[in-house]
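Everything below concerns the one structure shown next.
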Amino acid sequence: MEIDKVVSALRSVLPVRDFIGLHEPCFAGNEWCYVKECLDTGWVSSVGKFVDRFEEQLAAYTGARKAVAVVNGTAALHVCLLLVGVEQGDEVLMPALTFIATANAVSYCGAVPHFVDSEETTLGLDPIRLGAYLEDATEIRSGQCFNKSTGRRIKAVVPMHAFGHPVDLDPLLEVCHRFHLELVEDAAESLGSFYKGRHTGNWGRVSAVSFNGNKLVTTGGGGAILTNDEELGRLAKHLTTTAKIPHRWNFCHDMIGFNYRMPNLNAALGCAQLEQLDGFLDKKRALAQRYRAALADLEGVRFFQEQAYARSNYWLNVLLLDEEHADKRDALLARTNDLGIMTRPAWMLMHKLPMFQHCPGMDLSVAESLERRIINIPSSAFLGDGDGKA
């Protein structure tokens with residue numbers, strides 16, 4: 001792999017600017033109007049019409065029966081785990097190749113992350129290898145899955161759709177059924193991504209979405225819980241609004257709840273963003289196509305593409321170096337960032353972090369290889385315009 005050729009390919013796609021960020025928000029719709037309405041009316045906190053509207057828009061787009069807006073994706077995932085019954089001392093299966101929020105949310109429940117490997121075709125959790133691993137590492141007692149080594153119950157599995165690319169969900173569902181595991185999708189990065197024609201976040205009982213400032217749709221800070229279980233949806237709303245019993249003036253709470261409510265101000269921004277989602281996705285896919293063409297003939301590196309069964313939002317575009325060129329990753333990162341083209345490696349694998357080094361896990365050789373070889377490149381929707389205008 002020749003670094004100069006990779007840089008030239010990237011420059012052929014990107015506009016001439018002093019600095020190109022990794023993923024910048026685009027505010028080209030009703031954002032100013034809706035946020036100003038919140039300011040003019042004083043409805044800026046956790047009550048207001050935009051929260052309801054945002055939840056309705058999100059449910060309609062994703063096909064989920066219920067969407068519950070919360071303060072961020074980590075809070076959404078935390079509540080999702082509680083809703084499916086994850087308890088202190090349980091283990092929760094998750095990819096080692098994920099953002100820290102996945103492992104943190106498990107830890108908030110007093111549970112233990114149990115790290116599993118990824119597959120190169122999706123960059124997400126490998127369901128086939130997971131199934132084989134669980135055959136040897138676990139036993140079923142009274143309809144529940146237990147880790148033979150630790151004696152702890154394994155309650156759930158949390159696939160994360162890395163950089164917007166859907167995990168292969170059908171075989172993962174089979175693994176969940178076989179081992180009596182709850183499926184909780186970490187769909188933080190995959191708004192606008194579809195698996196076999198259905199939006200991500202619809203396979204488990206609950207799923208979590210993020211609307212951080214660097215996401216395809218942003219509310220500044222925000223997240224949401226998606227579910228097709230009406231009762232779980234009601235409970236999610238109750239738990240995230242401090243478990244307050246509705247009343248005109250009394251303050252009575254019937255559970256230990258969380259103040260995870262999304263403010264109306266943030267929801268107003270999100271409503272305007274969701275109105276533009278289809279356009280954002282068109283631009284993202286156009287950008288991905290240009291990257292694909294520009295990098296097609298280079299040796300030692302390839303542009304990561306969606307699988308035939310998936311339609312990815314291409315949230316963060318990925319360069320994947322060949323294994324024999326992995327040692328050039330840092331030099332390419334340095335060169336591009338020196339030129340004002342923001343690029344980033346994948347996250348450090350979870351089992352390498354000091355607080356998770358002693359957690360259980362399977363062989364992670366594929367994830368360790370991917371960690372050495374992944375580079376994220378500029379992916380803002382406006383770059384898909386072709387003229388580089390934000």
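We label chains A, B, ... in the order they appear in the structure tokens, count residues from 1 in each chain, and number ligands from 1 in the order shown.
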Give me every alpha helix (DSSP H) residue in stretch 14-158 of chain A, going by DSSP on the backbone, as an MDAnalysis selection string.
chainID A and resid 31:41 49:62 73:83 100:108 127:137
Write out as number ranges by chain which residues come within 12 Å of A:Arg329 when counting only C-alpha atoms, dropping same-chain ones fewer than 6 positions away.
A: 1-3, 6, 300-301, 319-323, 335-336, 343-346, 370-376
Output N, CA and C atoms for every residue in the selection just made, as a PDB file, in the first residue's frame.
ATOM      1  N   MET A   1       0.846  -1.198   0.000  1.00  0.00           N
ATOM      2  CA  MET A   1       0.000   0.000   0.000  1.00  0.00           C
ATOM      3  C   MET A   1       0.875   1.239   0.000  1.00  0.00           C
ATOM      4  N   GLU A   2       0.609   2.155  -0.930  1.00  0.00           N
ATOM      5  CA  GLU A   2       1.358   3.406  -1.007  1.00  0.00           C
ATOM      6  C   GLU A   2       0.508   4.520  -0.389  1.00  0.00           C
ATOM      7  N   ILE A   3       1.022   5.110   0.681  1.00  0.00           N
ATOM      8  CA  ILE A   3       0.269   6.126   1.409  1.00  0.00           C
ATOM      9  C   ILE A   3      -0.076   7.315   0.517  1.00  0.00           C
ATOM     10  N   VAL A   6      -3.158   6.614  -1.508  1.00  0.00           N
ATOM     11  CA  VAL A   6      -4.383   6.646  -0.707  1.00  0.00           C
ATOM     12  C   VAL A   6      -4.798   8.091  -0.440  1.00  0.00           C
ATOM     13  N   GLY A 300      -3.665  -3.105  -1.299  1.00  0.00           N
ATOM     14  CA  GLY A 300      -3.394  -3.101   0.131  1.00  0.00           C
ATOM     15  C   GLY A 300      -4.430  -2.412   0.986  1.00  0.00           C
ATOM     16  N   VAL A 301      -5.463  -1.852   0.355  1.00  0.00           N
ATOM     17  CA  VAL A 301      -6.505  -1.147   1.102  1.00  0.00           C
ATOM     18  C   VAL A 301      -7.805  -1.254   0.319  1.00  0.00           C
ATOM     19  N   LEU A 319     -11.940   2.700   5.742  1.00  0.00           N
ATOM     20  CA  LEU A 319     -10.865   2.085   4.975  1.00  0.00           C
ATOM     21  C   LEU A 319     -10.403   0.864   5.752  1.00  0.00           C
ATOM     22  N   LEU A 320     -10.241  -0.257   5.058  1.00  0.00           N
ATOM     23  CA  LEU A 320      -9.764  -1.467   5.710  1.00  0.00           C
ATOM     24  C   LEU A 320      -8.468  -1.895   5.040  1.00  0.00           C
ATOM     25  N   LEU A 321      -7.376  -1.783   5.791  1.00  0.00           N
ATOM     26  CA  LEU A 321      -6.072  -2.161   5.266  1.00  0.00           C
ATOM     27  C   LEU A 321      -5.936  -3.674   5.242  1.00  0.00           C
ATOM     28  N   ASP A 322      -5.198  -4.181   4.271  1.00  0.00           N
ATOM     29  CA  ASP A 322      -4.853  -5.596   4.290  1.00  0.00           C
ATOM     30  C   ASP A 322      -3.951  -5.869   5.492  1.00  0.00           C
ATOM     31  N   GLU A 323      -4.011  -7.087   5.993  1.00  0.00           N
ATOM     32  CA  GLU A 323      -3.245  -7.424   7.200  1.00  0.00           C
ATOM     33  C   GLU A 323      -1.759  -7.120   7.040  1.00  0.00           C
ATOM     34  N   ARG A 335      -0.436  11.290   8.358  1.00  0.00           N
ATOM     35  CA  ARG A 335      -0.353  12.055   7.116  1.00  0.00           C
ATOM     36  C   ARG A 335      -1.664  12.780   6.824  1.00  0.00           C
ATOM     37  N   THR A 336      -2.770  12.088   6.924  1.00  0.00           N
ATOM     38  CA  THR A 336      -4.056  12.716   6.614  1.00  0.00           C
ATOM     39  C   THR A 336      -4.403  13.817   7.610  1.00  0.00           C
ATOM     40  N   THR A 343      -8.999  11.799  10.169  1.00  0.00           N
ATOM     41  CA  THR A 343      -9.196  10.358  10.117  1.00  0.00           C
ATOM     42  C   THR A 343      -8.965   9.806  11.513  1.00  0.00           C
ATOM     43  N   ARG A 344      -9.552   8.650  11.782  1.00  0.00           N
ATOM     44  CA  ARG A 344      -9.442   8.059  13.120  1.00  0.00           C
ATOM     45  C   ARG A 344      -9.341   6.544  13.023  1.00  0.00           C
ATOM     46  N   PRO A 345      -8.650   5.913  13.990  1.00  0.00           N
ATOM     47  CA  PRO A 345      -8.675   4.455  14.057  1.00  0.00           C
ATOM     48  C   PRO A 345      -9.969   3.984  14.705  1.00  0.00           C
ATOM     49  N   ALA A 346     -10.171   2.681  14.720  1.00  0.00           N
ATOM     50  CA  ALA A 346     -11.285   2.120  15.487  1.00  0.00           C
ATOM     51  C   ALA A 346     -11.015   2.329  16.973  1.00  0.00           C
ATOM     52  N   LEU A 370      -8.974  -6.518  13.049  1.00  0.00           N
ATOM     53  CA  LEU A 370      -9.717  -5.352  12.560  1.00  0.00           C
ATOM     54  C   LEU A 370      -9.270  -4.074  13.248  1.00  0.00           C
ATOM     55  N   GLU A 371      -9.013  -4.146  14.539  1.00  0.00           N
ATOM     56  CA  GLU A 371      -8.566  -2.960  15.277  1.00  0.00           C
ATOM     57  C   GLU A 371      -7.299  -2.386  14.670  1.00  0.00           C
ATOM     58  N   ARG A 372      -6.409  -3.234  14.196  1.00  0.00           N
ATOM     59  CA  ARG A 372      -5.135  -2.784  13.620  1.00  0.00           C
ATOM     60  C   ARG A 372      -5.319  -2.172  12.236  1.00  0.00           C
ATOM     61  N   ARG A 373      -6.443  -2.446  11.584  1.00  0.00           N
ATOM     62  CA  ARG A 373      -6.555  -2.165  10.152  1.00  0.00           C
ATOM     63  C   ARG A 373      -7.626  -1.152   9.779  1.00  0.00           C
ATOM     64  N   ILE A 374      -8.513  -0.806  10.695  1.00  0.00           N
ATOM     65  CA  ILE A 374      -9.615   0.110  10.390  1.00  0.00           C
ATOM     66  C   ILE A 374      -9.176   1.567  10.475  1.00  0.00           C
ATOM     67  N   ILE A 375      -9.571   2.342   9.485  1.00  0.00           N
ATOM     68  CA  ILE A 375      -9.412   3.799   9.512  1.00  0.00           C
ATOM     69  C   ILE A 375     -10.735   4.420   9.077  1.00  0.00           C
ATOM     70  N   ASN A 376     -11.292   5.297   9.901  1.00  0.00           N
ATOM     71  CA  ASN A 376     -12.483   6.054   9.526  1.00  0.00           C
ATOM     72  C   ASN A 376     -12.071   7.322   8.803  1.00  0.00           C
TER      73      ASN A 376
END
Excluding A:Glu189 and residues on its chain fewer than 3 positions from it, collect all residues at most 8 Å away from it, counting only C-alpha atoms, and give them as a PyMOL selection string.
chain A and resi 161-164+186+209-210+215+315
Mind the document's chain letters and residue numbers, and return as a count of residues only the residues of stretch 128-254 of chain A that DSSP labels strand (DSSP E or B).
36
Quick one: residues within 10 Å of stretch 286-299 of chain A, only C-alpha atoms, excluding same-chain residues fewer than 2 positions away - as a compact mmCIF listing (two decimals) with all heavy atoms, in the first residue's frame?
# COMPACT_ATOMS: atom_id res chain seq x y z
N MET A 1 0.85 -1.20 0.00
CA MET A 1 0.00 0.00 0.00
C MET A 1 0.88 1.24 0.00
O MET A 1 1.78 1.38 0.83
CB MET A 1 -0.90 0.03 1.23
CG MET A 1 -1.84 1.21 1.27
SD MET A 1 -2.73 1.39 2.83
CE MET A 1 -1.43 2.08 3.88
N GLU A 2 0.61 2.16 -0.93
CA GLU A 2 1.36 3.41 -1.01
C GLU A 2 0.51 4.52 -0.39
O GLU A 2 -0.58 4.83 -0.89
CB GLU A 2 1.71 3.74 -2.45
CG GLU A 2 2.64 2.72 -3.10
CD GLU A 2 3.02 3.11 -4.51
OE1 GLU A 2 3.15 4.33 -4.77
OE2 GLU A 2 3.17 2.20 -5.34
N LYS A 5 -0.73 7.39 -2.62
CA LYS A 5 -1.85 7.07 -3.50
C LYS A 5 -3.17 7.08 -2.75
O LYS A 5 -4.20 7.51 -3.29
CB LYS A 5 -1.62 5.72 -4.17
CG LYS A 5 -0.51 5.73 -5.22
CD LYS A 5 -0.43 4.40 -5.94
CE LYS A 5 0.61 4.45 -7.05
NZ LYS A 5 0.71 3.15 -7.78
N VAL A 6 -3.16 6.61 -1.51
CA VAL A 6 -4.38 6.65 -0.71
C VAL A 6 -4.80 8.09 -0.44
O VAL A 6 -5.97 8.45 -0.57
CB VAL A 6 -4.19 5.89 0.61
CG1 VAL A 6 -5.45 6.00 1.48
CG2 VAL A 6 -3.86 4.43 0.36
N VAL A 7 -3.84 8.93 -0.09
CA VAL A 7 -4.13 10.33 0.17
C VAL A 7 -4.67 11.01 -1.09
O VAL A 7 -5.63 11.78 -1.05
CB VAL A 7 -2.88 11.06 0.68
CG1 VAL A 7 -3.11 12.57 0.75
CG2 VAL A 7 -2.47 10.54 2.05
N SER A 8 -4.07 10.72 -2.22
CA SER A 8 -4.54 11.31 -3.49
C SER A 8 -5.97 10.88 -3.80
O SER A 8 -6.78 11.67 -4.29
CB SER A 8 -3.61 10.90 -4.63
OG SER A 8 -2.32 11.47 -4.46
N ALA A 9 -6.27 9.62 -3.51
CA ALA A 9 -7.63 9.13 -3.74
C ALA A 9 -8.63 9.86 -2.86
O ALA A 9 -9.72 10.24 -3.33
CB ALA A 9 -7.68 7.62 -3.50
N LEU A 10 -8.30 10.05 -1.60
CA LEU A 10 -9.18 10.77 -0.70
C LEU A 10 -9.36 12.21 -1.17
O LEU A 10 -10.49 12.75 -1.18
CB LEU A 10 -8.64 10.75 0.73
CG LEU A 10 -8.55 9.37 1.41
CD1 LEU A 10 -7.98 9.52 2.82
CD2 LEU A 10 -9.92 8.70 1.47
N ARG A 11 -8.28 12.84 -1.56
CA ARG A 11 -8.36 14.24 -2.02
C ARG A 11 -9.20 14.38 -3.28
O ARG A 11 -9.84 15.43 -3.51
CB ARG A 11 -6.95 14.78 -2.26
CG ARG A 11 -6.22 15.18 -0.97
CD ARG A 11 -4.85 15.71 -1.27
NE ARG A 11 -4.42 16.71 -0.30
CZ ARG A 11 -3.21 17.24 -0.27
NH1 ARG A 11 -2.31 16.86 -1.16
NH2 ARG A 11 -2.89 18.15 0.64
N SER A 12 -9.24 13.34 -4.11
CA SER A 12 -10.03 13.41 -5.33
C SER A 12 -11.53 13.42 -5.03
O SER A 12 -12.33 13.85 -5.87
CB SER A 12 -9.70 12.23 -6.24
OG SER A 12 -10.23 11.01 -5.73
N VAL A 13 -11.90 12.96 -3.85
CA VAL A 13 -13.31 12.91 -3.45
C VAL A 13 -13.69 14.14 -2.63
O VAL A 13 -14.80 14.67 -2.76
CB VAL A 13 -13.58 11.63 -2.63
CG1 VAL A 13 -14.99 11.64 -2.05
CG2 VAL A 13 -13.36 10.39 -3.49
N LEU A 14 -12.76 14.62 -1.81
CA LEU A 14 -13.07 15.66 -0.83
C LEU A 14 -12.85 17.06 -1.39
O LEU A 14 -12.02 17.27 -2.28
CB LEU A 14 -12.18 15.46 0.41
CG LEU A 14 -12.41 14.14 1.15
CD1 LEU A 14 -11.34 13.94 2.21
CD2 LEU A 14 -13.80 14.11 1.77
N PHE A 280 -30.25 13.24 3.76
CA PHE A 280 -28.94 12.92 4.35
C PHE A 280 -28.44 11.56 3.85
O PHE A 280 -27.27 11.40 3.49
CB PHE A 280 -29.02 12.90 5.87
CG PHE A 280 -29.26 14.23 6.53
CD1 PHE A 280 -29.71 14.30 7.84
CD2 PHE A 280 -28.99 15.42 5.87
CE1 PHE A 280 -29.91 15.50 8.47
CE2 PHE A 280 -29.20 16.65 6.49
CZ PHE A 280 -29.66 16.69 7.79
N LEU A 281 -29.33 10.59 3.86
CA LEU A 281 -28.95 9.23 3.46
C LEU A 281 -28.54 9.19 1.99
O LEU A 281 -27.57 8.50 1.63
CB LEU A 281 -30.10 8.26 3.72
CG LEU A 281 -30.36 7.95 5.19
CD1 LEU A 281 -31.71 7.24 5.35
CD2 LEU A 281 -29.25 7.09 5.78
N ASP A 282 -29.25 9.90 1.13
CA ASP A 282 -28.88 9.94 -0.28
C ASP A 282 -27.48 10.50 -0.46
O ASP A 282 -26.67 9.98 -1.24
CB ASP A 282 -29.88 10.79 -1.07
CG ASP A 282 -31.23 10.12 -1.24
OD1 ASP A 282 -31.33 8.89 -1.02
OD2 ASP A 282 -32.21 10.83 -1.57
N LYS A 283 -27.17 11.56 0.29
CA LYS A 283 -25.85 12.17 0.18
C LYS A 283 -24.77 11.24 0.73
O LYS A 283 -23.66 11.15 0.18
CB LYS A 283 -25.84 13.50 0.92
CG LYS A 283 -26.71 14.58 0.28
CD LYS A 283 -26.74 15.85 1.11
CE LYS A 283 -27.66 16.88 0.49
NZ LYS A 283 -27.72 18.13 1.31
N LYS A 284 -25.09 10.57 1.83
CA LYS A 284 -24.10 9.65 2.42
C LYS A 284 -23.78 8.51 1.46
O LYS A 284 -22.62 8.11 1.32
CB LYS A 284 -24.66 9.07 3.73
CG LYS A 284 -24.93 10.09 4.81
CD LYS A 284 -23.69 10.45 5.57
CE LYS A 284 -23.34 9.36 6.54
NZ LYS A 284 -22.18 9.76 7.38
N VAL A 301 -5.46 -1.85 0.35
CA VAL A 301 -6.50 -1.15 1.10
C VAL A 301 -7.81 -1.25 0.32
O VAL A 301 -7.79 -1.31 -0.92
CB VAL A 301 -6.13 0.33 1.33
CG1 VAL A 301 -5.94 1.06 0.02
CG2 VAL A 301 -7.16 1.04 2.20
N ARG A 302 -8.93 -1.33 1.02
CA ARG A 302 -10.21 -1.35 0.33
C ARG A 302 -11.23 -0.51 1.11
O ARG A 302 -11.10 -0.32 2.32
CB ARG A 302 -10.73 -2.78 0.15
CG ARG A 302 -11.02 -3.54 1.42
CD ARG A 302 -11.41 -4.98 1.11
NE ARG A 302 -11.53 -5.81 2.28
CZ ARG A 302 -12.65 -6.00 2.96
NH1 ARG A 302 -13.78 -5.39 2.58
NH2 ARG A 302 -12.69 -6.79 4.01
N PHE A 303 -12.23 -0.04 0.37
CA PHE A 303 -13.33 0.68 0.98
C PHE A 303 -14.33 -0.34 1.48
O PHE A 303 -14.79 -1.21 0.72
CB PHE A 303 -13.98 1.62 -0.03
CG PHE A 303 -15.13 2.39 0.52
CD1 PHE A 303 -14.92 3.49 1.33
CD2 PHE A 303 -16.44 2.03 0.24
CE1 PHE A 303 -15.99 4.21 1.86
CE2 PHE A 303 -17.51 2.73 0.75
CZ PHE A 303 -17.28 3.83 1.56
N PHE A 304 -14.73 -0.26 2.75
CA PHE A 304 -15.64 -1.24 3.33
C PHE A 304 -17.06 -0.99 2.84
O PHE A 304 -17.57 0.13 2.93
CB PHE A 304 -15.60 -1.21 4.85
CG PHE A 304 -16.39 -2.32 5.48
CD1 PHE A 304 -15.81 -3.57 5.63
CD2 PHE A 304 -17.70 -2.14 5.87
CE1 PHE A 304 -16.53 -4.62 6.18
CE2 PHE A 304 -18.43 -3.17 6.41
CZ PHE A 304 -17.85 -4.41 6.57
N GLN A 305 -17.72 -2.05 2.34
CA GLN A 305 -19.04 -1.92 1.75
C GLN A 305 -20.08 -2.76 2.49
O GLN A 305 -19.76 -3.75 3.14
CB GLN A 305 -19.01 -2.37 0.28
CG GLN A 305 -18.03 -1.58 -0.58
CD GLN A 305 -18.06 -2.03 -2.02
OE1 GLN A 305 -19.13 -2.12 -2.63
NE2 GLN A 305 -16.89 -2.30 -2.59
N ASN A 313 -26.37 3.00 6.36
CA ASN A 313 -26.38 4.47 6.33
C ASN A 313 -24.98 5.04 6.09
O ASN A 313 -24.83 6.25 5.94
CB ASN A 313 -26.96 5.05 7.62
CG ASN A 313 -26.12 4.75 8.85
OD1 ASN A 313 -25.00 4.22 8.77
ND2 ASN A 313 -26.65 5.09 10.03
N TYR A 314 -23.96 4.17 6.07
CA TYR A 314 -22.56 4.60 5.90
C TYR A 314 -22.26 5.78 6.84
O TYR A 314 -21.70 6.79 6.45
CB TYR A 314 -22.27 4.98 4.45
CG TYR A 314 -22.13 3.76 3.56
CD1 TYR A 314 -23.18 3.33 2.76
CD2 TYR A 314 -20.96 3.01 3.54
CE1 TYR A 314 -23.07 2.21 1.95
CE2 TYR A 314 -20.83 1.88 2.74
CZ TYR A 314 -21.89 1.49 1.94
OH TYR A 314 -21.76 0.37 1.16
N TRP A 315 -22.62 5.58 8.11
CA TRP A 315 -22.41 6.66 9.08
C TRP A 315 -20.96 7.13 9.09
O TRP A 315 -20.68 8.31 8.85
CB TRP A 315 -22.83 6.22 10.49
CG TRP A 315 -22.44 7.23 11.53
CD1 TRP A 315 -22.79 8.55 11.56
CD2 TRP A 315 -21.59 7.02 12.66
NE1 TRP A 315 -22.21 9.18 12.65
CE2 TRP A 315 -21.48 8.25 13.34
CE3 TRP A 315 -20.93 5.89 13.18
CZ2 TRP A 315 -20.72 8.40 14.50
CZ3 TRP A 315 -20.19 6.04 14.33
CH2 TRP A 315 -20.08 7.29 14.98
N LEU A 316 -20.05 6.24 9.39
CA LEU A 316 -18.63 6.55 9.25
C LEU A 316 -18.04 5.62 8.20
O LEU A 316 -18.08 4.39 8.34
CB LEU A 316 -17.87 6.37 10.57
CG LEU A 316 -18.08 7.43 11.65
CD1 LEU A 316 -17.14 7.18 12.83
CD2 LEU A 316 -17.87 8.85 11.11
N ASN A 317 -17.51 6.20 7.14
CA ASN A 317 -16.89 5.39 6.10
C ASN A 317 -15.59 4.79 6.60
O ASN A 317 -14.87 5.41 7.40
CB ASN A 317 -16.64 6.25 4.85
CG ASN A 317 -17.95 6.63 4.18
OD1 ASN A 317 -18.74 5.77 3.83
ND2 ASN A 317 -18.19 7.93 4.01
N VAL A 318 -15.30 3.59 6.10
CA VAL A 318 -14.18 2.81 6.63
C VAL A 318 -13.21 2.42 5.52
O VAL A 318 -13.62 1.87 4.48
CB VAL A 318 -14.70 1.52 7.31
CG1 VAL A 318 -13.54 0.62 7.73
CG2 VAL A 318 -15.56 1.86 8.51
N LEU A 319 -11.94 2.70 5.74
CA LEU A 319 -10.87 2.09 4.98
C LEU A 319 -10.40 0.86 5.75
O LEU A 319 -10.18 0.94 6.97
CB LEU A 319 -9.67 3.04 4.80
CG LEU A 319 -9.87 4.32 3.99
CD1 LEU A 319 -8.54 5.07 3.90
CD2 LEU A 319 -10.41 4.02 2.61
N LEU A 321 -7.38 -1.78 5.79
CA LEU A 321 -6.07 -2.16 5.27
C LEU A 321 -5.94 -3.67 5.24
O LEU A 321 -6.49 -4.38 6.10
CB LEU A 321 -4.95 -1.57 6.13
CG LEU A 321 -5.00 -0.06 6.46
CD1 LEU A 321 -3.74 0.36 7.21
CD2 LEU A 321 -5.18 0.76 5.20
N ASP A 322 -5.20 -4.18 4.27
CA ASP A 322 -4.85 -5.60 4.29
C ASP A 322 -3.95 -5.87 5.49
O ASP A 322 -3.21 -4.97 5.94
CB ASP A 322 -4.13 -5.99 3.01
CG ASP A 322 -5.04 -5.95 1.78
OD1 ASP A 322 -6.27 -5.78 1.97
OD2 ASP A 322 -4.53 -6.08 0.65
N HIS A 325 -0.39 -4.83 5.55
CA HIS A 325 -0.12 -3.39 5.54
C HIS A 325 -0.61 -2.69 6.81
O HIS A 325 -0.61 -1.46 6.88
CB HIS A 325 -0.77 -2.74 4.32
CG HIS A 325 -0.23 -3.20 3.01
ND1 HIS A 325 1.02 -2.84 2.55
CD2 HIS A 325 -0.75 -4.04 2.08
CE1 HIS A 325 1.23 -3.40 1.38
NE2 HIS A 325 0.18 -4.14 1.07
N ILE A 377 -12.79 7.65 7.75
CA ILE A 377 -12.47 8.81 6.92
C ILE A 377 -13.66 9.77 6.90
O ILE A 377 -14.77 9.40 7.29
CB ILE A 377 -12.08 8.37 5.49
CG1 ILE A 377 -13.20 7.52 4.86
CG2 ILE A 377 -10.77 7.59 5.52
CD1 ILE A 377 -12.91 7.07 3.43
N PRO A 378 -13.48 11.02 6.48
CA PRO A 378 -14.55 12.02 6.54
C PRO A 378 -15.85 11.51 5.92
O PRO A 378 -15.86 10.97 4.81
CB PRO A 378 -13.97 13.20 5.76
CG PRO A 378 -12.50 13.11 6.03
CD PRO A 378 -12.21 11.63 6.01
N SER A 379 -16.96 11.74 6.65
CA SER A 379 -18.22 11.11 6.28
C SER A 379 -19.43 12.03 6.39
O SER A 379 -20.57 11.56 6.33
CB SER A 379 -18.45 9.88 7.18
OG SER A 379 -17.38 8.97 7.08
N SER A 380 -19.23 13.32 6.57
CA SER A 380 -20.36 14.25 6.72
C SER A 380 -21.28 14.18 5.52
O SER A 380 -20.83 14.06 4.38
CB SER A 380 -19.84 15.68 6.90
OG SER A 380 -18.94 15.77 7.97
N ALA A 381 -22.58 14.30 5.79
CA ALA A 381 -23.56 14.20 4.69
C ALA A 381 -23.32 15.25 3.62
O ALA A 381 -23.46 14.96 2.42
CB ALA A 381 -24.97 14.32 5.26
N PHE A 382 -22.94 16.45 4.02
CA PHE A 382 -22.80 17.52 3.03
C PHE A 382 -21.68 17.24 2.03
O PHE A 382 -21.67 17.78 0.92
CB PHE A 382 -22.61 18.89 3.69
CG PHE A 382 -21.29 19.07 4.38
CD1 PHE A 382 -20.16 19.43 3.68
CD2 PHE A 382 -21.19 18.90 5.76
CE1 PHE A 382 -18.94 19.62 4.33
CE2 PHE A 382 -19.99 19.09 6.41
CZ PHE A 382 -18.86 19.44 5.70
N LEU A 383 -20.75 16.34 2.39
CA LEU A 383 -19.68 15.98 1.45
C LEU A 383 -20.25 15.22 0.27
O LEU A 383 -19.62 15.15 -0.80
CB LEU A 383 -18.62 15.14 2.15
CG LEU A 383 -17.83 15.85 3.27
CD1 LEU A 383 -16.92 14.86 4.00
CD2 LEU A 383 -17.01 17.00 2.70
N GLY A 384 -21.43 14.65 0.43
CA GLY A 384 -22.07 13.96 -0.67
C GLY A 384 -22.66 14.89 -1.71
O GLY A 384 -23.11 14.43 -2.78
N ASP A 385 -22.67 16.20 -1.44
CA ASP A 385 -23.15 17.18 -2.43
C ASP A 385 -22.18 17.28 -3.61
O ASP A 385 -22.56 17.69 -4.69
CB ASP A 385 -23.30 18.57 -1.79
CG ASP A 385 -24.51 18.66 -0.90
OD1 ASP A 385 -25.49 17.94 -1.14
OD2 ASP A 385 -24.47 19.43 0.07
N GLY A 386 -20.91 16.97 -3.31
CA GLY A 386 -19.92 17.07 -4.35
C GLY A 386 -19.20 18.39 -4.39
O GLY A 386 -18.12 18.50 -4.96
Pull the closest atom pair for each residue of stretch 263-323 of chain A that gets at most 12 Å from stretch 58-70 of chain A, along with the distance in Å to one decimal, counting only C-alpha atoms, ordering rows by chain and then ascending residue number, as a tab-separated table.
residue	atom	partner	partner_atom	distance
A:Pro263	CA	A:Val70	CA	8.2
A:Asn264	CA	A:Ala69	CA	10.1
A:Asn266	CA	A:Val70	CA	9.9
A:Ala267	CA	A:Ala69	CA	8.1
A:Ala268	CA	A:Ala69	CA	11.8
A:Gly270	CA	A:Leu58	CA	9.5
A:Cys271	CA	A:Leu58	CA	8.8
A:Ala272	CA	A:Leu58	CA	11.8
A:Gln273	CA	A:Leu58	CA	10.8
A:Leu274	CA	A:Leu58	CA	7.6
A:Glu275	CA	A:Tyr61	CA	10.2
A:Gln276	CA	A:Tyr61	CA	11.8
A:Leu277	CA	A:Tyr61	CA	9.5
A:Asp278	CA	A:Tyr61	CA	10.1
Generate a file of the selected residues that holds N, CA and C atoms, formatted as a CSV table (one decimal), in the first residue's frame.
chain,number,residue,atom,x,y,z
A,263,PRO,N,-34.9,16.9,26.7
A,263,PRO,CA,-35.6,18.2,26.7
A,263,PRO,C,-36.3,18.6,25.4
A,264,ASN,N,-37.3,19.3,25.5
A,264,ASN,CA,-38.1,19.8,24.4
A,264,ASN,C,-37.2,20.5,23.4
A,266,ASN,N,-34.0,20.0,22.7
A,266,ASN,CA,-33.3,19.0,21.9
A,266,ASN,C,-34.2,18.3,20.9
A,267,ALA,N,-35.4,18.0,21.4
A,267,ALA,CA,-36.3,17.3,20.5
A,267,ALA,C,-36.7,18.2,19.3
A,268,ALA,N,-36.8,19.5,19.5
A,268,ALA,CA,-37.2,20.4,18.4
A,268,ALA,C,-36.1,20.3,17.3
A,270,GLY,N,-34.2,17.7,16.8
A,270,GLY,CA,-34.3,16.4,16.2
A,270,GLY,C,-35.4,16.3,15.2
A,271,CYS,N,-36.6,16.9,15.5
A,271,CYS,CA,-37.7,16.9,14.5
A,271,CYS,C,-37.3,17.5,13.2
A,272,ALA,N,-36.6,18.6,13.2
A,272,ALA,CA,-36.1,19.2,12.0
A,272,ALA,C,-35.1,18.3,11.3
A,273,GLN,N,-34.3,17.7,12.0
A,273,GLN,CA,-33.3,16.8,11.4
A,273,GLN,C,-33.9,15.5,10.8
A,274,LEU,N,-34.9,15.0,11.5
A,274,LEU,CA,-35.6,13.8,10.9
A,274,LEU,C,-36.3,14.1,9.6
A,275,GLU,N,-36.8,15.3,9.5
A,275,GLU,CA,-37.5,15.8,8.3
A,275,GLU,C,-36.5,15.7,7.1
A,276,GLN,N,-35.2,15.7,7.3
A,276,GLN,CA,-34.2,15.7,6.3
A,276,GLN,C,-33.5,14.4,6.1
A,277,LEU,N,-33.9,13.4,6.9
A,277,LEU,CA,-33.1,12.2,6.9
A,277,LEU,C,-33.0,11.5,5.6
A,278,ASP,N,-34.0,11.4,4.8
A,278,ASP,CA,-33.9,10.8,3.5
A,278,ASP,C,-32.8,11.5,2.6
Nearest-residue call for A:Ile225, choices A:Lys36, A:Lys148, A:Arg17, A:Arg205, using only C-alpha atoms
A:Arg205
Distance query A:Leu239 at most 9 Å, only C-alpha atoms, self and fewer than 4 positions along chain excluded, as a list of chain:residue names
A:Val79, A:Arg234, A:Leu235, A:Ala243, A:Lys244, A:Met255, A:Ile256, A:Gly257, A:Phe258, A:Asn259, A:Tyr260
